[in-house]
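Novice: Can you keep this structure in mind? I'll have questions shortly.
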Amino acid sequence: MSRIKTFNLPDLGEGLTEGEILAWLVEVGDTIELNQPIVEVETAKAAVEIPAKWAGQVQAIHHPQGTTVEVGTPIIAIDTDPGAGPLETPSTTAASDGDLPTPSAASLAAVQVAPAEGMVEPGLIGGVAPGGRTAVLVGYGPRTTAAKRRPRKGAVPAQTATPTPAGVDHGVVVGDKPAATPTIPAPQVHDRRNGAGGAGGAGGAVLAKPPVRKLAKDLGVDLGTLTGSGPLGSITREDVQRAASGATVPAAEPVAATTAPSFGADREQRIPVKGVRKLTAENMSRSAFTAPHVTEFLTVDVTRAMKALDRLRGRREWRDVRVSPLLLVAKAVLLAVQRHPMVNSTWAGDEIVVKEYVNLGIAAATERGLIVPNVKDAGRLSLRELADALTDLVQTAKSGRTSPAAMSGGTLTITNVGVFGVDTGTPILPPGESAILAFGAVREMPWVHKGKVKVRQVTTLGLSFDHRIIDGELGSKFLRDIGDFLTDPEAALLAWT
């Protein structure tokens, strides 16, 4: 059985067909462990760290950073038994035979793994899952097609190396790690787990890949004292080794500051539609032209709700909890769903699927675009558990670490447009959902209260719903119940629970 195992890009989401390699977390020659993160890949839904299926030594990296790779394409080769001695490569066999030609890199890649040799234990990514299907991270099975190369703007293209006995060609390294310049450029993105910016410096976040950090720890080198010579000022293995030996570290090249987009002679800029933006466009277009949307609005006095939040924040057991108006809106929606279950349903052609569970989606604007992660089975959570879940959801989204699973299976969504100072909107339904609530800004406004005009805290709600499922009466009652709760949450809880 061959020691070399090739890892294909798995399906990272529900039906997603490709992903862009953001950064390699390992290098050729690194020793890795089972389930160690080896590469960060961006899909249309999220940036995901993919774990290794085998322990061993990295022998080849098939695609550099910035490449868009389709599901099922080989991305890395791993020697699963590096302690067994040098690999017997086809080129060395040909040299010993004398009359056999040296195979090309393409033929080497073709014989690295036979399908039967790529099997892993049941339940692992790529292995046999219950029922006989192929296990993937999320969604449907992988697709075996070629990769599409779309290097990032400004990325350094991979150098074409001269074939050697170890076998190097077309950006693929086979055999021992060469001492010369690597054929694959180092990742040119910030390490998201340690912040952005250059490495070293007072108060600056250290930019270094996990293998480099491990090497520094083993050698007793403080990364914070080093000046990185890699891309974006990242710290490389050579920087750590020089520091450990007392040699001088060369100064890093200055990194050009981010500038405003430049326009061509026609004063136009063309931005590729990809990733989250592409998926959002497809989903919104499909929803807008499939589900007949109706939107209703309701303006409510939320003064009592805001005072209730203040009292909640003052309680000792809630002092370390993030308490925001969105928490009460989410609770209002969940209680209203209990009173009107049909709102939490899906149109399935010849039937309507009403769901007892509520996976409450929260629309979040991130640097990568609009995403809608959801709190699973939110209706079963207490108010404190709901607050913690919302806080975790928002923080994860802001850090760019939301997983595809967290954005799948939503049943009802809230979009908090009020954080942008907007009063309300006419939101478009996420595919598969029948209602979405827009929560507007809370403002001090003149309001008739107990027969007198007073300054009160007021907000406007906008509810869009699928008119195939929800008629005007049901939509109006659902929105009215949400408004009633926000007008007087204590009375609503006493009356409804």
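Chain labels run A, B, ... following the order of the structure tokens; each chain numbers its residues from 1, and ligands are numbered from 1 in the order shown.
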If we count only C-alpha atoms, what is near region 435-442 of chain A at a cut-off of 8 Å, once residues fewer than 4 positions away on the same chain are taken out, given as a PDB file with N, CA, C and O atoms, in the first residue's frame?
Specialist:
ATOM      1  N   VAL A 302     -41.574  51.535  22.636  1.00  0.00           N
ATOM      2  CA  VAL A 302     -40.786  50.507  23.336  1.00  0.00           C
ATOM      3  C   VAL A 302     -40.141  51.069  24.605  1.00  0.00           C
ATOM      4  O   VAL A 302     -39.164  50.511  25.099  1.00  0.00           O
ATOM      5  N   VAL A 329     -36.318  41.578  21.100  1.00  0.00           N
ATOM      6  CA  VAL A 329     -36.978  41.343  19.806  1.00  0.00           C
ATOM      7  C   VAL A 329     -36.963  39.849  19.485  1.00  0.00           C
ATOM      8  O   VAL A 329     -37.971  39.292  19.036  1.00  0.00           O
ATOM      9  N   VAL A 343     -46.313  30.470  10.814  1.00  0.00           N
ATOM     10  CA  VAL A 343     -45.314  31.436  10.347  1.00  0.00           C
ATOM     11  C   VAL A 343     -43.946  30.766  10.203  1.00  0.00           C
ATOM     12  O   VAL A 343     -43.140  31.145   9.348  1.00  0.00           O
ATOM     13  N   ASN A 344     -43.695  29.748  11.005  1.00  0.00           N
ATOM     14  CA  ASN A 344     -42.407  29.049  10.997  1.00  0.00           C
ATOM     15  C   ASN A 344     -42.513  27.811  10.100  1.00  0.00           C
ATOM     16  O   ASN A 344     -42.498  26.679  10.576  1.00  0.00           O
ATOM     17  N   LEU A 412     -36.475  31.126  10.436  1.00  0.00           N
ATOM     18  CA  LEU A 412     -37.065  32.462  10.585  1.00  0.00           C
ATOM     19  C   LEU A 412     -35.922  33.434  10.888  1.00  0.00           C
ATOM     20  O   LEU A 412     -34.997  33.090  11.628  1.00  0.00           O
ATOM     21  N   THR A 413     -35.981  34.641  10.329  1.00  0.00           N
ATOM     22  CA  THR A 413     -34.829  35.535  10.418  1.00  0.00           C
ATOM     23  C   THR A 413     -35.215  36.923  10.932  1.00  0.00           C
ATOM     24  O   THR A 413     -36.309  37.412  10.655  1.00  0.00           O
ATOM     25  N   ILE A 414     -34.258  37.540  11.665  1.00  0.00           N
ATOM     26  CA  ILE A 414     -34.365  38.937  12.082  1.00  0.00           C
ATOM     27  C   ILE A 414     -33.205  39.698  11.455  1.00  0.00           C
ATOM     28  O   ILE A 414     -32.054  39.236  11.522  1.00  0.00           O
ATOM     29  N   THR A 415     -33.473  40.840  10.853  1.00  0.00           N
ATOM     30  CA  THR A 415     -32.420  41.712  10.359  1.00  0.00           C
ATOM     31  C   THR A 415     -32.494  43.028  11.118  1.00  0.00           C
ATOM     32  O   THR A 415     -33.508  43.728  11.087  1.00  0.00           O
ATOM     33  N   ASN A 416     -31.436  43.340  11.832  1.00  0.00           N
ATOM     34  CA  ASN A 416     -31.402  44.509  12.714  1.00  0.00           C
ATOM     35  C   ASN A 416     -30.852  45.713  11.948  1.00  0.00           C
ATOM     36  O   ASN A 416     -29.690  46.094  12.103  1.00  0.00           O
ATOM     37  N   VAL A 417     -31.694  46.338  11.126  1.00  0.00           N
ATOM     38  CA  VAL A 417     -31.244  47.494  10.341  1.00  0.00           C
ATOM     39  C   VAL A 417     -31.112  48.737  11.210  1.00  0.00           C
ATOM     40  O   VAL A 417     -30.530  49.742  10.788  1.00  0.00           O
ATOM     41  N   GLY A 418     -31.632  48.686  12.431  1.00  0.00           N
ATOM     42  CA  GLY A 418     -31.556  49.840  13.319  1.00  0.00           C
ATOM     43  C   GLY A 418     -30.135  50.222  13.692  1.00  0.00           C
ATOM     44  O   GLY A 418     -29.858  51.379  14.005  1.00  0.00           O
ATOM     45  N   VAL A 419     -29.188  49.247  13.648  1.00  0.00           N
ATOM     46  CA  VAL A 419     -27.806  49.569  14.003  1.00  0.00           C
ATOM     47  C   VAL A 419     -27.185  50.531  12.999  1.00  0.00           C
ATOM     48  O   VAL A 419     -26.164  51.165  13.278  1.00  0.00           O
ATOM     49  N   PHE A 420     -27.790  50.679  11.832  1.00  0.00           N
ATOM     50  CA  PHE A 420     -27.298  51.614  10.820  1.00  0.00           C
ATOM     51  C   PHE A 420     -28.064  52.935  10.841  1.00  0.00           C
ATOM     52  O   PHE A 420     -27.884  53.772   9.957  1.00  0.00           O
ATOM     53  N   GLY A 421     -28.930  53.096  11.853  1.00  0.00           N
ATOM     54  CA  GLY A 421     -29.714  54.326  11.942  1.00  0.00           C
ATOM     55  C   GLY A 421     -30.903  54.356  11.019  1.00  0.00           C
ATOM     56  O   GLY A 421     -31.482  55.424  10.763  1.00  0.00           O
ATOM     57  N   VAL A 422     -31.306  53.197  10.505  1.00  0.00           N
ATOM     58  CA  VAL A 422     -32.424  53.099   9.567  1.00  0.00           C
ATOM     59  C   VAL A 422     -33.692  52.736  10.334  1.00  0.00           C
ATOM     60  O   VAL A 422     -33.658  51.925  11.265  1.00  0.00           O
ATOM     61  N   ASP A 423     -34.823  53.318   9.928  1.00  0.00           N
ATOM     62  CA  ASP A 423     -36.075  53.071  10.646  1.00  0.00           C
ATOM     63  C   ASP A 423     -36.657  51.693  10.380  1.00  0.00           C
ATOM     64  O   ASP A 423     -37.154  51.039  11.295  1.00  0.00           O
ATOM     65  N   THR A 424     -36.628  51.243   9.130  1.00  0.00           N
ATOM     66  CA  THR A 424     -37.121  49.903   8.796  1.00  0.00           C
ATOM     67  C   THR A 424     -36.800  49.631   7.340  1.00  0.00           C
ATOM     68  O   THR A 424     -36.071  50.400   6.704  1.00  0.00           O
ATOM     69  N   GLY A 425     -37.326  48.530   6.809  1.00  0.00           N
ATOM     70  CA  GLY A 425     -37.084  48.191   5.417  1.00  0.00           C
ATOM     71  C   GLY A 425     -38.059  47.135   4.957  1.00  0.00           C
ATOM     72  O   GLY A 425     -38.957  46.728   5.694  1.00  0.00           O
ATOM     73  N   THR A 426     -37.874  46.690   3.708  1.00  0.00           N
ATOM     74  CA  THR A 426     -38.698  45.610   3.152  1.00  0.00           C
ATOM     75  C   THR A 426     -37.764  44.445   2.834  1.00  0.00           C
ATOM     76  O   THR A 426     -37.369  44.243   1.683  1.00  0.00           O
ATOM     77  N   PRO A 427     -37.369  43.683   3.833  1.00  0.00           N
ATOM     78  CA  PRO A 427     -36.372  42.627   3.626  1.00  0.00           C
ATOM     79  C   PRO A 427     -36.873  41.509   2.729  1.00  0.00           C
ATOM     80  O   PRO A 427     -38.078  41.226   2.672  1.00  0.00           O
ATOM     81  N   ILE A 428     -35.929  40.885   2.028  1.00  0.00           N
ATOM     82  CA  ILE A 428     -36.234  39.742   1.171  1.00  0.00           C
ATOM     83  C   ILE A 428     -36.044  38.455   1.972  1.00  0.00           C
ATOM     84  O   ILE A 428     -35.091  38.308   2.732  1.00  0.00           O
ATOM     85  N   LEU A 429     -36.948  37.529   1.770  1.00  0.00           N
ATOM     86  CA  LEU A 429     -36.922  36.267   2.524  1.00  0.00           C
ATOM     87  C   LEU A 429     -35.693  35.439   2.175  1.00  0.00           C
ATOM     88  O   LEU A 429     -35.368  35.274   0.989  1.00  0.00           O
ATOM     89  N   PRO A 430     -35.019  34.888   3.157  1.00  0.00           N
ATOM     90  CA  PRO A 430     -34.008  33.870   2.857  1.00  0.00           C
ATOM     91  C   PRO A 430     -34.699  32.654   2.242  1.00  0.00           C
ATOM     92  O   PRO A 430     -35.809  32.307   2.645  1.00  0.00           O
ATOM     93  N   GLN A 457     -39.640  56.423  23.587  1.00  0.00           N
ATOM     94  CA  GLN A 457     -38.727  55.668  22.728  1.00  0.00           C
ATOM     95  C   GLN A 457     -39.553  54.790  21.796  1.00  0.00           C
ATOM     96  O   GLN A 457     -40.352  53.956  22.241  1.00  0.00           O
ATOM     97  N   VAL A 458     -39.337  54.991  20.513  1.00  0.00           N
ATOM     98  CA  VAL A 458     -40.208  54.390  19.493  1.00  0.00           C
ATOM     99  C   VAL A 458     -39.352  53.670  18.445  1.00  0.00           C
ATOM    100  O   VAL A 458     -38.247  54.113  18.108  1.00  0.00           O
ATOM    101  N   THR A 459     -39.884  52.577  17.929  1.00  0.00           N
ATOM    102  CA  THR A 459     -39.231  51.866  16.823  1.00  0.00           C
ATOM    103  C   THR A 459     -40.277  51.408  15.823  1.00  0.00           C
ATOM    104  O   THR A 459     -41.478  51.357  16.134  1.00  0.00           O
ATOM    105  N   THR A 460     -39.810  51.086  14.612  1.00  0.00           N
ATOM    106  CA  THR A 460     -40.701  50.599  13.563  1.00  0.00           C
ATOM    107  C   THR A 460     -40.252  49.214  13.138  1.00  0.00           C
ATOM    108  O   THR A 460     -39.066  48.976  12.878  1.00  0.00           O
ATOM    109  N   LEU A 461     -41.211  48.289  13.063  1.00  0.00           N
ATOM    110  CA  LEU A 461     -40.956  46.920  12.639  1.00  0.00           C
ATOM    111  C   LEU A 461     -41.486  46.726  11.223  1.00  0.00           C
ATOM    112  O   LEU A 461     -42.540  47.261  10.865  1.00  0.00           O
ATOM    113  N   GLY A 462     -40.738  45.957  10.421  1.00  0.00           N
ATOM    114  CA  GLY A 462     -41.191  45.607   9.078  1.00  0.00           C
ATOM    115  C   GLY A 462     -41.164  44.099   8.911  1.00  0.00           C
ATOM    116  O   GLY A 462     -40.112  43.474   9.081  1.00  0.00           O
ATOM    117  N   LEU A 463     -42.295  43.502   8.581  1.00  0.00           N
ATOM    118  CA  LEU A 463     -42.374  42.056   8.430  1.00  0.00           C
ATOM    119  C   LEU A 463     -42.675  41.696   6.986  1.00  0.00           C
ATOM    120  O   LEU A 463     -43.712  42.063   6.444  1.00  0.00           O
ATOM    121  N   SER A 464     -41.727  40.996   6.340  1.00  0.00           N
ATOM    122  CA  SER A 464     -41.974  40.441   5.006  1.00  0.00           C
ATOM    123  C   SER A 464     -42.326  38.972   5.151  1.00  0.00           C
ATOM    124  O   SER A 464     -41.692  38.249   5.942  1.00  0.00           O
ATOM    125  N   PHE A 465     -43.313  38.502   4.397  1.00  0.00           N
ATOM    126  CA  PHE A 465     -43.698  37.097   4.495  1.00  0.00           C
ATOM    127  C   PHE A 465     -44.130  36.556   3.144  1.00  0.00           C
ATOM    128  O   PHE A 465     -44.462  37.302   2.213  1.00  0.00           O
ATOM    129  N   ASP A 466     -44.090  35.232   3.044  1.00  0.00           N
ATOM    130  CA  ASP A 466     -44.476  34.508   1.832  1.00  0.00           C
ATOM    131  C   ASP A 466     -45.998  34.396   1.799  1.00  0.00           C
ATOM    132  O   ASP A 466     -46.593  33.690   2.617  1.00  0.00           O
TER     133      ASP A 466
END
Novice: Could you pull the residues within 10 Å of Thr366 (chain A), counting only C-alpha atoms, minus those fewer than 4 positions along the same chain, as a compact mmCIF listing (two decimals) with N, CA and C atoms, in the first residue's frame?
Specialist:
# COMPACT_ATOMS: atom_id res chain seq x y z
N VAL A 276 -19.27 35.14 -0.81
CA VAL A 276 -20.54 35.44 -0.14
C VAL A 276 -21.43 36.31 -1.01
N LEU A 370 -22.87 39.84 3.45
CA LEU A 370 -24.00 39.52 4.31
C LEU A 370 -24.07 38.02 4.56
N ILE A 371 -24.13 37.63 5.83
CA ILE A 371 -24.34 36.23 6.19
C ILE A 371 -25.50 36.16 7.18
N VAL A 394 -22.82 36.73 17.16
CA VAL A 394 -22.34 38.01 16.63
C VAL A 394 -20.82 38.07 16.66
N ALA A 397 -19.35 35.88 13.96
CA ALA A 397 -19.53 36.46 12.63
C ALA A 397 -18.54 37.60 12.40
N LYS A 398 -18.33 38.44 13.41
CA LYS A 398 -17.40 39.56 13.25
C LYS A 398 -15.97 39.09 13.04
N SER A 399 -15.61 37.96 13.65
CA SER A 399 -14.25 37.43 13.52
C SER A 399 -14.06 36.65 12.23
N GLY A 400 -15.14 36.46 11.47
CA GLY A 400 -15.04 35.74 10.21
C GLY A 400 -14.93 34.24 10.37
Novice: Within region 355-430 of chain A, find each residue whose DSSP state, derived from the backbone, is alpha helix (DSSP H), and express the selection as a list in words.
Specialist: Leu383, Arg384, Glu385, Leu386, Ala387, Asp388, Ala389, Leu390, Thr391, Asp392, Leu393, Val394, Gln395, Thr396, Ala397 and Lys398 of chain A
